[in-house]
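**Student:** Input file: upload37.cif. Contents: mmCIF, C-alpha atoms.
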```cif
data_start
#
loop_
_atom_site.label_atom_id
_atom_site.label_comp_id
_atom_site.auth_asym_id
_atom_site.auth_seq_id
_atom_site.Cartn_x
_atom_site.Cartn_y
_atom_site.Cartn_z
CA MET L 19 -52.15 -54.06 -36.38
CA ALA L 20 -48.77 -52.68 -35.28
CA GLU L 21 -46.01 -54.74 -33.69
CA PRO L 22 -46.26 -54.98 -29.86
CA ALA L 23 -44.61 -52.07 -28.05
CA LEU L 24 -42.07 -54.36 -26.42
CA VAL L 25 -40.87 -55.66 -29.80
CA ALA L 26 -40.46 -52.09 -31.08
CA GLU L 27 -38.51 -51.18 -27.92
CA VAL L 28 -36.15 -54.13 -28.28
CA ALA L 29 -35.59 -53.33 -31.96
CA VAL L 30 -34.67 -49.72 -31.21
CA GLU L 31 -32.36 -50.74 -28.35
CA VAL L 32 -30.54 -53.14 -30.68
CA GLN L 33 -30.34 -50.36 -33.27
CA ARG L 34 -28.90 -47.80 -30.85
CA ARG L 35 -26.36 -50.30 -29.53
CA LEU L 36 -25.14 -51.07 -33.05
CA GLU L 37 -25.00 -47.37 -33.93
CA SER L 38 -22.88 -46.75 -30.84
CA LEU L 39 -20.61 -49.72 -31.52
CA TYR L 40 -19.92 -48.59 -35.09
CA ALA L 41 -19.93 -44.84 -34.42
CA LEU L 42 -22.83 -44.29 -36.79
CA GLU L 43 -25.14 -41.32 -36.90
CA HIS L 44 -28.42 -42.00 -35.12
CA GLU L 45 -30.98 -42.88 -37.75
CA VAL L 46 -34.73 -42.60 -37.37
CA PRO L 47 -35.99 -45.44 -35.16
CA VAL L 48 -36.34 -48.75 -36.95
CA SER L 49 -39.67 -49.09 -35.15
CA ASP L 50 -41.05 -46.51 -37.62
CA PHE L 51 -40.37 -49.02 -40.42
CA LEU L 52 -41.78 -52.16 -38.81
CA ILE L 53 -44.52 -53.76 -40.89
CA ALA L 54 -46.86 -56.15 -39.10
CA GLU L 55 -46.80 -59.65 -40.61
CA GLU L 56 -50.48 -59.59 -41.54
CA ARG L 57 -49.90 -56.45 -43.63
CA ALA L 58 -46.88 -57.89 -45.44
CA SER L 59 -48.53 -60.65 -47.46
CA GLY L 60 -48.14 -58.71 -50.72
CA LEU L 61 -44.45 -57.95 -50.15
CA PRO L 62 -41.60 -60.05 -51.61
CA GLY L 63 -40.17 -62.90 -49.57
CA GLY L 64 -41.43 -64.62 -46.46
CA GLY L 65 -40.75 -64.72 -42.74
CA SER L 66 -38.60 -62.04 -41.14
CA ARG L 67 -37.10 -59.84 -43.83
CA THR L 68 -36.01 -56.34 -44.79
CA VAL L 69 -37.87 -55.07 -47.85
CA VAL L 70 -36.11 -52.63 -50.17
CA GLU L 71 -37.71 -50.54 -52.90
CA GLN L 72 -35.63 -48.18 -55.01
CA ASP L 73 -36.99 -45.43 -57.22
CA GLY L 74 -34.08 -43.61 -58.83
CA SER L 75 -31.97 -42.23 -55.99
CA GLU L 76 -34.73 -42.77 -53.42
CA VAL L 77 -34.59 -45.91 -51.28
CA ARG L 78 -37.55 -47.07 -49.21
CA LEU L 79 -37.17 -49.68 -46.49
CA GLY L 80 -39.53 -51.79 -44.44
CA VAL L 81 -38.81 -54.43 -41.80
CA VAL L 82 -41.10 -57.42 -41.37
CA LEU L 83 -40.82 -59.77 -38.38
CA ASP L 84 -42.27 -63.24 -38.43
CA GLY L 85 -45.20 -63.52 -36.04
CA ALA L 86 -43.46 -66.26 -34.05
CA VAL L 87 -40.44 -63.99 -33.54
CA SER L 88 -42.58 -61.22 -32.09
CA ALA L 89 -44.50 -63.67 -29.91
CA ASP L 90 -41.33 -65.18 -28.44
CA LEU L 91 -39.91 -61.74 -27.64
CA VAL L 92 -43.13 -60.69 -25.92
CA ARG L 93 -43.30 -63.91 -23.87
CA ARG L 94 -39.68 -63.68 -22.74
CA ASP L 95 -38.00 -60.29 -22.95
CA PRO L 96 -34.32 -60.98 -23.82
CA ARG L 97 -33.29 -57.80 -22.01
CA VAL L 98 -34.42 -59.43 -18.79
CA ARG L 99 -33.04 -62.88 -19.53
CA LEU L 100 -31.59 -64.22 -22.76
CA GLU L 101 -32.14 -67.98 -22.95
CA ALA L 102 -32.83 -70.78 -25.40
CA ALA L 103 -36.52 -69.88 -25.62
CA ASN L 104 -35.90 -66.38 -26.99
CA LEU L 105 -32.42 -66.62 -28.51
CA ASN L 106 -33.59 -67.35 -32.06
CA ALA L 107 -36.13 -64.53 -31.88
CA LEU L 108 -33.51 -62.01 -30.77
CA CYS L 109 -31.16 -63.23 -33.51
CA ALA L 110 -33.85 -62.82 -36.18
CA LEU L 111 -34.71 -59.32 -34.99
CA THR L 112 -31.04 -58.31 -34.78
CA GLU L 113 -30.31 -59.49 -38.32
CA GLU L 114 -33.15 -57.37 -39.71
CA VAL L 115 -32.09 -54.30 -37.70
CA SER L 116 -28.55 -54.87 -38.97
CA HIS L 117 -29.77 -55.03 -42.59
CA PHE L 118 -31.78 -51.84 -42.06
CA LEU L 119 -28.78 -49.93 -40.72
CA TYR L 120 -26.27 -51.27 -43.22
CA LEU L 121 -28.50 -50.48 -46.18
CA LEU L 122 -28.92 -46.92 -44.92
CA PHE L 123 -25.18 -46.63 -44.28
CA CYS L 124 -24.33 -47.75 -47.82
CA ALA L 125 -27.07 -45.63 -49.39
CA ARG L 126 -25.81 -42.49 -47.63
CA GLY L 127 -22.32 -43.25 -48.91
CA ASN L 128 -23.64 -43.91 -52.42
CA ARG L 129 -22.16 -47.38 -52.12
CA SER L 130 -23.50 -50.59 -53.61
CA VAL L 131 -23.89 -53.63 -51.38
CA THR L 132 -24.13 -57.33 -52.22
CA GLN L 133 -26.47 -59.83 -50.61
CA LEU L 134 -23.50 -61.74 -49.18
CA GLU L 135 -22.03 -58.59 -47.66
CA LEU L 136 -25.39 -57.75 -46.10
CA GLU L 137 -25.82 -61.25 -44.67
CA LEU L 138 -22.24 -61.37 -43.37
CA GLN L 139 -22.60 -58.09 -41.51
CA GLY L 140 -25.92 -59.28 -40.12
CA GLU L 141 -24.30 -62.44 -38.79
CA VAL L 142 -21.50 -60.47 -37.15
CA ASP L 143 -23.98 -58.04 -35.60
CA LYS L 144 -26.05 -60.95 -34.31
CA TYR L 145 -23.02 -62.43 -32.57
CA LEU L 146 -21.90 -59.15 -31.00
CA THR L 147 -25.41 -58.28 -29.81
CA VAL L 148 -25.93 -61.69 -28.21
CA ALA L 149 -22.43 -61.74 -26.71
CA PHE L 150 -23.02 -58.32 -25.16
CA LEU L 151 -26.30 -59.37 -23.54
CA ILE L 152 -24.93 -62.69 -22.27
CA SER L 153 -21.91 -60.95 -20.74
CA LEU L 154 -24.12 -58.29 -19.18
CA GLN L 155 -26.45 -60.86 -17.63
CA ASN L 156 -23.72 -63.27 -16.49
CA GLU L 157 -21.14 -60.99 -14.87
CA GLY L 158 -18.93 -60.97 -17.92
CA ALA L 159 -19.02 -64.73 -18.59
CA LEU L 160 -19.29 -65.80 -22.24
CA SER L 161 -19.95 -69.38 -23.31
CA ARG L 162 -17.33 -70.91 -25.58
CA ARG L 163 -20.18 -72.66 -27.41
CA LEU L 164 -21.82 -69.40 -28.51
CA ARG L 165 -20.31 -69.34 -32.00
CA GLU L 166 -21.18 -73.00 -32.51
CA VAL L 167 -24.80 -72.35 -31.51
CA LEU L 168 -25.19 -69.22 -33.65
CA PHE L 169 -23.32 -70.23 -36.80
CA ARG L 170 -23.48 -74.02 -37.01
CA SER L 171 -26.62 -75.13 -35.18
CA TYR L 172 -29.21 -73.40 -37.31
CA ARG L 173 -32.00 -74.52 -39.61
CA LEU L 174 -32.75 -72.68 -42.84
CA ARG L 175 -36.31 -71.97 -43.91
CA ASP L 176 -37.67 -74.69 -46.19
CA GLU L 177 -38.76 -72.17 -48.83
CA LEU L 178 -35.25 -70.79 -49.35
CA GLY L 179 -33.91 -71.43 -52.85
CA PRO L 180 -30.52 -73.09 -53.40
CA GLU L 181 -28.74 -69.81 -54.15
CA SER L 182 -30.06 -68.07 -51.02
CA ALA L 183 -29.31 -71.11 -48.86
CA SER L 184 -25.76 -71.29 -50.19
CA ARG L 185 -25.24 -67.59 -49.54
CA TYR L 186 -26.52 -67.88 -45.98
CA ARG L 187 -24.23 -70.84 -45.27
CA GLU L 188 -21.24 -68.93 -46.64
CA ALA L 189 -22.09 -65.88 -44.53
CA SER L 190 -22.32 -68.12 -41.45
CA ARG L 191 -18.98 -69.75 -42.24
CA LEU L 192 -17.27 -66.40 -42.67
CA ALA L 193 -18.86 -64.95 -39.54
CA PHE L 194 -17.79 -68.00 -37.52
CA ALA L 195 -14.17 -67.31 -38.48
CA TRP L 196 -14.30 -63.54 -37.99
CA CYS L 197 -16.14 -63.65 -34.67
CA GLY L 198 -13.71 -66.32 -33.45
CA PHE L 199 -10.93 -63.81 -34.03
CA LEU L 200 -12.84 -61.05 -32.24
CA GLU L 201 -13.62 -63.36 -29.35
CA SER L 202 -10.10 -64.61 -28.77
CA GLU L 203 -8.29 -61.34 -29.43
CA TYR L 204 -10.64 -58.82 -27.83
CA LEU L 205 -13.70 -60.19 -26.02
CA ARG L 206 -12.14 -62.77 -23.72
CA PRO L 207 -9.17 -60.54 -22.76
CA SER L 208 -11.70 -57.68 -22.22
CA ARG L 209 -9.92 -55.43 -24.72
CA LEU L 210 -13.17 -53.68 -25.52
CA HIS L 211 -11.69 -50.42 -26.80
CA GLU L 212 -9.69 -52.36 -29.38
CA LEU L 213 -12.77 -54.45 -30.20
CA ARG L 214 -14.75 -51.31 -31.06
CA ARG L 215 -11.92 -50.02 -33.24
CA GLU L 216 -11.61 -53.34 -35.11
CA ALA L 217 -15.38 -53.67 -35.51
CA ARG L 218 -15.72 -50.13 -36.87
CA ARG L 219 -12.94 -50.69 -39.38
CA PHE L 220 -14.48 -53.95 -40.59
CA TYR L 221 -17.95 -52.39 -40.87
CA ARG L 222 -16.69 -49.79 -43.34
CA LEU L 223 -14.95 -52.27 -45.64
CA GLY L 224 -16.58 -53.43 -48.85
CA GLN L 225 -17.18 -57.11 -49.52
CA ARG L 226 -13.81 -57.82 -51.17
CA ASP L 227 -11.85 -56.23 -48.33
CA LYS L 228 -14.02 -57.91 -45.70
CA LEU L 229 -13.23 -61.30 -47.21
CA LEU L 230 -9.53 -60.50 -47.38
CA ARG L 231 -9.53 -59.39 -43.75
CA ILE L 232 -11.20 -62.61 -42.63
CA ALA L 233 -8.71 -64.65 -44.68
CA ASP L 234 -5.89 -62.80 -42.91
CA VAL L 235 -7.03 -63.88 -39.43
CA ALA L 236 -8.67 -67.27 -40.13
#
```
Give the structure from the file, written as C-alpha cells.
**Tutor:**
Amino acid sequence: MAEPALVAEVAVEVQRRLESLYALEHEVPVSDFLIAEERASGLPGGGSRTVVEQDGSEVRLGVVLDGAVSADLVRRDPRVRLEAANLNALCALTEEVSHFLYLLFCARGNRSVTQLELELQGEVDKYLTVAFLISLQNEGALSRRLREVLFRSYRLRDELGPESASRYREASRLAFAWCGFLESEYLRPSRLHELRREARRFYRLGQRDKLLRIADVA
C-alpha cells in the first residue's frame, strides 16, 4: 500500500521549498522514494527514517514515514493550518525530506557526511519550514516560543540507543543556537534575501565548519 496522496504532496512541497531556499537542482520527487510502513519491516531502524544502501559508487535511498505521522497529516493538512495536532508530523516528514536531499547533495559532490551533520541540517530545515508556514498563515507573525517547542520540548523514541540519543540532543542544541541567530538577525527584521544567502552558505559547509560557524554566533 502506497502512502496517501496528500502525504506525498506535502513531502514534495517541502522538498521543492528546501531546494529553492538552498538553490539546489530539482531532484526527482521524494514521493518516488516513499516506502509504506507495512513494507518496511525488514529495513533497518524503526519509525520515520531515511534508509541508505550503498553499492560501490551507487547510493540507493528510501524514506519511511511512521504510520501515525501519515495519519496526522491526512487528518489535518498543515498547508491549510499548522497547529499542535499536526506539528510533530510535519516536523518528522521535514526531517526525512531534509535527510533525503542532503544525502543526494553530498553524494553528487562526492562528499562524506556524518550522522551529526545530517541530523543538524535536518533540525535547521525543520525550523525554517515550520517558521515559513507559521508566518504565511499568520500574516508574518512568528512565535518567540517556536525554537523552545522544536528543540527543547521533544521526546525521543524509547528504542533509541544512548549514542543516537546523545547525537540527537547535540543536534537539537546546535540548531537551537543557529536558528536563534537566523531568527534575530534575519527573520524578525524581515531580511529574507540575507537569510537565503546565509542559509545557502551554511548548507554547503562540512560538519567542522558548521560547528565553527555556530560557535561564532552563539
**Student:** List the residues selected by the PyMOL selection byres ((chain L and resi 68) around 6) in the file shown, writing them as a PyMOL selection string.
**Tutor:** chain L and resi 67+69+80-81+114
**Student:** Could you jot down the atom CA of Phe123 of chain L to atom CA of Arg222 of chain L separation for me, Å, one decimal place?
**Tutor:**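 It comes out at 9.1 Å.
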**Student:** Quick one: which residues end up in the PyMOL selection byres ((chain L and resi 166-177) around 9) for this structure, as number ranges by chain?
**Tutor:** L: 64-65, 106, 109, 141, 144-145, 162-165, 178-179, 183, 186-187, 189-191, 193-194
**Student:** Do you know which residues are at most 12 Å from Asp90 of chain L counting all atoms listed in the file, after dropping those on the same chain fewer than 5 positions away, and could you put them as a list in words?
**Tutor:**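 So, after excluding close chain neighbours, the residues are Pro22, Leu24, Val25, Leu83, Asp84, Gly85, Asp95, Pro96, Leu100, Glu101, Ala102, Ala103, Asn104, Leu105, Asn106, Ala107, Leu108, Cys109, Ala110 and Leu111 of chain L.
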**Student:** Do you know which residues lie at most 10 Å from (-15.9, -51.8, -30.2), with coordinates as in the file and only C-alpha atoms counted, and could you write them as a list in words?
**Tutor:** Leu36, Ser38, Leu39, Tyr40, Ala41, Leu146, Leu200, Tyr204, Leu205, Arg209, Leu210, His211, Glu212, Leu213, Arg214, Arg215, Glu216, Ala217, Arg218 and Arg219 of chain L
**Student:** Taking into account all atoms listed in the file, which residue in the set L:Phe118, L:Arg99, L:Gly63, L:Val70 is nearest to Asp50 of chain L?
**Tutor:**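 Checking each of L:Phe118, L:Arg99, L:Gly63, L:Val70 against Asp50 of chain L, counting all atoms listed in the file, the winner is L:Phe118.
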**Student:** One number please: atom CA of Glu203 of chain L to atom CA of Glu188 of chain L, in Å, one decimal.
**Tutor:**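 Between these atoms lies a distance of 22.8 Å.
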**Student:** Could you please determine the separation between atom CA of Ser66 of chain L and atom CA of Asn156 of chain L in Å, to one decimal place?
**Tutor:**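 Atom CA of Ser66 of chain L sits 28.8 Å away from atom CA of Asn156 of chain L.
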**Student:** Return as AutoDock Vina command-line options the centre and edge lengths, in Å with one decimal, of the box along x, y and z that encloses every atom of segment 179-183 of chain L in the file, padded by 3 Å per side.
**Tutor:**
```
--center_x -31.3 --center_y -70.6 --center_z -51.5 --size_x 11.2 --size_y 11.0 --size_z 11.3
```
**Student:** Please enumerate the residues selected by the PyMOL selection byres ((chain L and resi 196) around 9) when evaluated against the supplied file, formatted as a PyMOL selection string.
**Tutor:** chain L and resi 142+191-195+197-201+231-233+235-236
**Student:** Create the file for the chosen residues now, containing C-alpha atoms and written as an mmCIF file, keeping the file's coordinate frame.
**Tutor:**
```
data_model
loop_
_atom_site.group_PDB
_atom_site.id
_atom_site.type_symbol
_atom_site.label_atom_id
_atom_site.label_comp_id
_atom_site.auth_asym_id
_atom_site.auth_seq_id
_atom_site.Cartn_x
_atom_site.Cartn_y
_atom_site.Cartn_z
ATOM 1 C CA VAL L 142 -21.500 -60.470 -37.150
ATOM 2 C CA ARG L 191 -18.980 -69.750 -42.240
ATOM 3 C CA LEU L 192 -17.270 -66.400 -42.670
ATOM 4 C CA ALA L 193 -18.860 -64.950 -39.540
ATOM 5 C CA PHE L 194 -17.790 -68.000 -37.520
ATOM 6 C CA ALA L 195 -14.170 -67.310 -38.480
ATOM 7 C CA CYS L 197 -16.140 -63.650 -34.670
ATOM 8 C CA GLY L 198 -13.710 -66.320 -33.450
ATOM 9 C CA PHE L 199 -10.930 -63.810 -34.030
ATOM 10 C CA LEU L 200 -12.840 -61.050 -32.240
ATOM 11 C CA GLU L 201 -13.620 -63.360 -29.350
ATOM 12 C CA ARG L 231 -9.530 -59.390 -43.750
ATOM 13 C CA ILE L 232 -11.200 -62.610 -42.630
ATOM 14 C CA ALA L 233 -8.710 -64.650 -44.680
ATOM 15 C CA VAL L 235 -7.030 -63.880 -39.430
ATOM 16 C CA ALA L 236 -8.670 -67.270 -40.130
#
```
**Student:** Can you find the residues with an atom no farther than 8 Å from (-37.9, -52.3, -35.3), counting all atoms listed in the file, and report them as a list in words?
**Tutor:**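 Every residue inside that radius is included here: Val25, Ala26, Glu27, Val28, Ala29, Val30, Pro47, Val48, Ser49, Asp50, Phe51, Leu52, Val81, Leu111 and Val115 of chain L.
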**Student:** Just to be explicit: take each residue in the selection above, keep C-alpha atoms, and write the result as a PDB file, in the frame of the given file.
**Tutor:**
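result12.pdb written:
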```
ATOM      1  CA  VAL L  25     -40.870 -55.660 -29.800  1.00  0.00           C
ATOM      2  CA  ALA L  26     -40.460 -52.090 -31.080  1.00  0.00           C
ATOM      3  CA  GLU L  27     -38.510 -51.180 -27.920  1.00  0.00           C
ATOM      4  CA  VAL L  28     -36.150 -54.130 -28.280  1.00  0.00           C
ATOM      5  CA  ALA L  29     -35.590 -53.330 -31.960  1.00  0.00           C
ATOM      6  CA  VAL L  30     -34.670 -49.720 -31.210  1.00  0.00           C
ATOM      7  CA  PRO L  47     -35.990 -45.440 -35.160  1.00  0.00           C
ATOM      8  CA  VAL L  48     -36.340 -48.750 -36.950  1.00  0.00           C
ATOM      9  CA  SER L  49     -39.670 -49.090 -35.150  1.00  0.00           C
ATOM     10  CA  ASP L  50     -41.050 -46.510 -37.620  1.00  0.00           C
ATOM     11  CA  PHE L  51     -40.370 -49.020 -40.420  1.00  0.00           C
ATOM     12  CA  LEU L  52     -41.780 -52.160 -38.810  1.00  0.00           C
ATOM     13  CA  VAL L  81     -38.810 -54.430 -41.800  1.00  0.00           C
ATOM     14  CA  LEU L 111     -34.710 -59.320 -34.990  1.00  0.00           C
ATOM     15  CA  VAL L 115     -32.090 -54.300 -37.700  1.00  0.00           C
TER      16      VAL L 115
END
```
**Student:** List the spatial neighbours of Val131 of chain L as a PyMOL selection string - criterion: any atom at most 9 Å away, only C-alpha atoms, same-chain residues fewer than 4 positions off excluded.
**Tutor:** chain L and resi 120-121+124-125+135-136+224-225
**Student:** Between L:Ser59, L:Gln33, L:Ser208, L:Gln72, which one has atoms that come closest to Leu160 of chain L, using all atoms listed in the file?
**Tutor:**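 Of L:Ser59, L:Gln33, L:Ser208, L:Gln72, the one nearest Leu160 of chain L is L:Ser208, counting all atoms listed in the file.
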**Student:** What would segment 84-106 of chain L look like with N, CA and C atoms restored, written as a JSON list (two decimals), keeping the file's coordinate frame?
**Tutor:**
```json
[["chain", "number", "residue", "atom", "x", "y", "z"],
["L", 84, "ASP", "N", -41.38, -62.10, -38.51],
["L", 84, "ASP", "CA", -42.27, -63.24, -38.43],
["L", 84, "ASP", "C", -43.08, -63.18, -37.14],
["L", 85, "GLY", "N", -44.34, -63.58, -37.21],
["L", 85, "GLY", "CA", -45.20, -63.52, -36.04],
["L", 85, "GLY", "C", -44.65, -64.31, -34.86],
["L", 86, "ALA", "N", -44.02, -65.45, -35.12],
["L", 86, "ALA", "CA", -43.46, -66.26, -34.05],
["L", 86, "ALA", "C", -42.30, -65.55, -33.36],
["L", 87, "VAL", "N", -41.54, -64.77, -34.12],
["L", 87, "VAL", "CA", -40.44, -63.99, -33.54],
["L", 87, "VAL", "C", -40.98, -62.97, -32.55],
["L", 88, "SER", "N", -41.98, -62.22, -32.98],
["L", 88, "SER", "CA", -42.58, -61.22, -32.09],
["L", 88, "SER", "C", -43.18, -61.87, -30.84],
["L", 89, "ALA", "N", -43.86, -62.99, -31.05],
["L", 89, "ALA", "CA", -44.50, -63.67, -29.91],
["L", 89, "ALA", "C", -43.47, -64.15, -28.89],
["L", 90, "ASP", "N", -42.37, -64.71, -29.36],
["L", 90, "ASP", "CA", -41.33, -65.18, -28.44],
["L", 90, "ASP", "C", -40.69, -64.04, -27.67],
["L", 91, "LEU", "N", -40.50, -62.90, -28.32],
["L", 91, "LEU", "CA", -39.91, -61.74, -27.64],
["L", 91, "LEU", "C", -40.86, -61.20, -26.57],
["L", 92, "VAL", "N", -42.14, -61.19, -26.89],
["L", 92, "VAL", "CA", -43.13, -60.69, -25.92],
["L", 92, "VAL", "C", -43.23, -61.63, -24.72],
["L", 93, "ARG", "N", -43.19, -62.94, -24.97],
["L", 93, "ARG", "CA", -43.30, -63.91, -23.87],
["L", 93, "ARG", "C", -42.08, -63.86, -22.95],
["L", 94, "ARG", "N", -40.91, -63.66, -23.53],
["L", 94, "ARG", "CA", -39.68, -63.68, -22.74],
["L", 94, "ARG", "C", -38.76, -62.57, -23.24],
["L", 95, "ASP", "N", -38.79, -61.45, -22.56],
["L", 95, "ASP", "CA", -38.00, -60.29, -22.95],
["L", 95, "ASP", "C", -36.51, -60.62, -22.81],
["L", 96, "PRO", "N", -35.75, -60.62, -23.91],
["L", 96, "PRO", "CA", -34.32, -60.98, -23.82],
["L", 96, "PRO", "C", -33.49, -59.99, -23.01],
["L", 97, "ARG", "N", -34.01, -58.78, -22.82],
["L", 97, "ARG", "CA", -33.29, -57.80, -22.01],
["L", 97, "ARG", "C", -33.32, -58.18, -20.54],
["L", 98, "VAL", "N", -34.32, -58.94, -20.16],
["L", 98, "VAL", "CA", -34.42, -59.43, -18.79],
["L", 98, "VAL", "C", -33.60, -60.71, -18.63],
["L", 99, "ARG", "N", -33.81, -61.64, -19.55],
["L", 99, "ARG", "CA", -33.04, -62.88, -19.53],
["L", 99, "ARG", "C", -32.98, -63.46, -20.93],
["L", 100, "LEU", "N", -31.78, -63.59, -21.45],
["L", 100, "LEU", "CA", -31.59, -64.22, -22.76],
["L", 100, "LEU", "C", -31.37, -65.70, -22.54],
["L", 101, "GLU", "N", -32.20, -66.53, -23.16],
["L", 101, "GLU", "CA", -32.14, -67.98, -22.95],
["L", 101, "GLU", "C", -32.54, -68.69, -24.24],
["L", 102, "ALA", "N", -32.54, -69.99, -24.19],
["L", 102, "ALA", "CA", -32.83, -70.78, -25.40],
["L", 102, "ALA", "C", -34.18, -70.43, -26.00],
["L", 103, "ALA", "N", -35.16, -70.11, -25.15],
["L", 103, "ALA", "CA", -36.52, -69.88, -25.62],
["L", 103, "ALA", "C", -36.68, -68.59, -26.42],
["L", 104, "ASN", "N", -35.77, -67.64, -26.24],
["L", 104, "ASN", "CA", -35.90, -66.38, -26.99],
["L", 104, "ASN", "C", -34.65, -66.02, -27.79],
["L", 105, "LEU", "N", -33.67, -66.91, -27.80],
["L", 105, "LEU", "CA", -32.42, -66.62, -28.51],
["L", 105, "LEU", "C", -32.66, -66.48, -30.01],
["L", 106, "ASN", "N", -33.36, -67.41, -30.62],
["L", 106, "ASN", "CA", -33.59, -67.35, -32.06],
["L", 106, "ASN", "C", -34.38, -66.10, -32.45]]
```
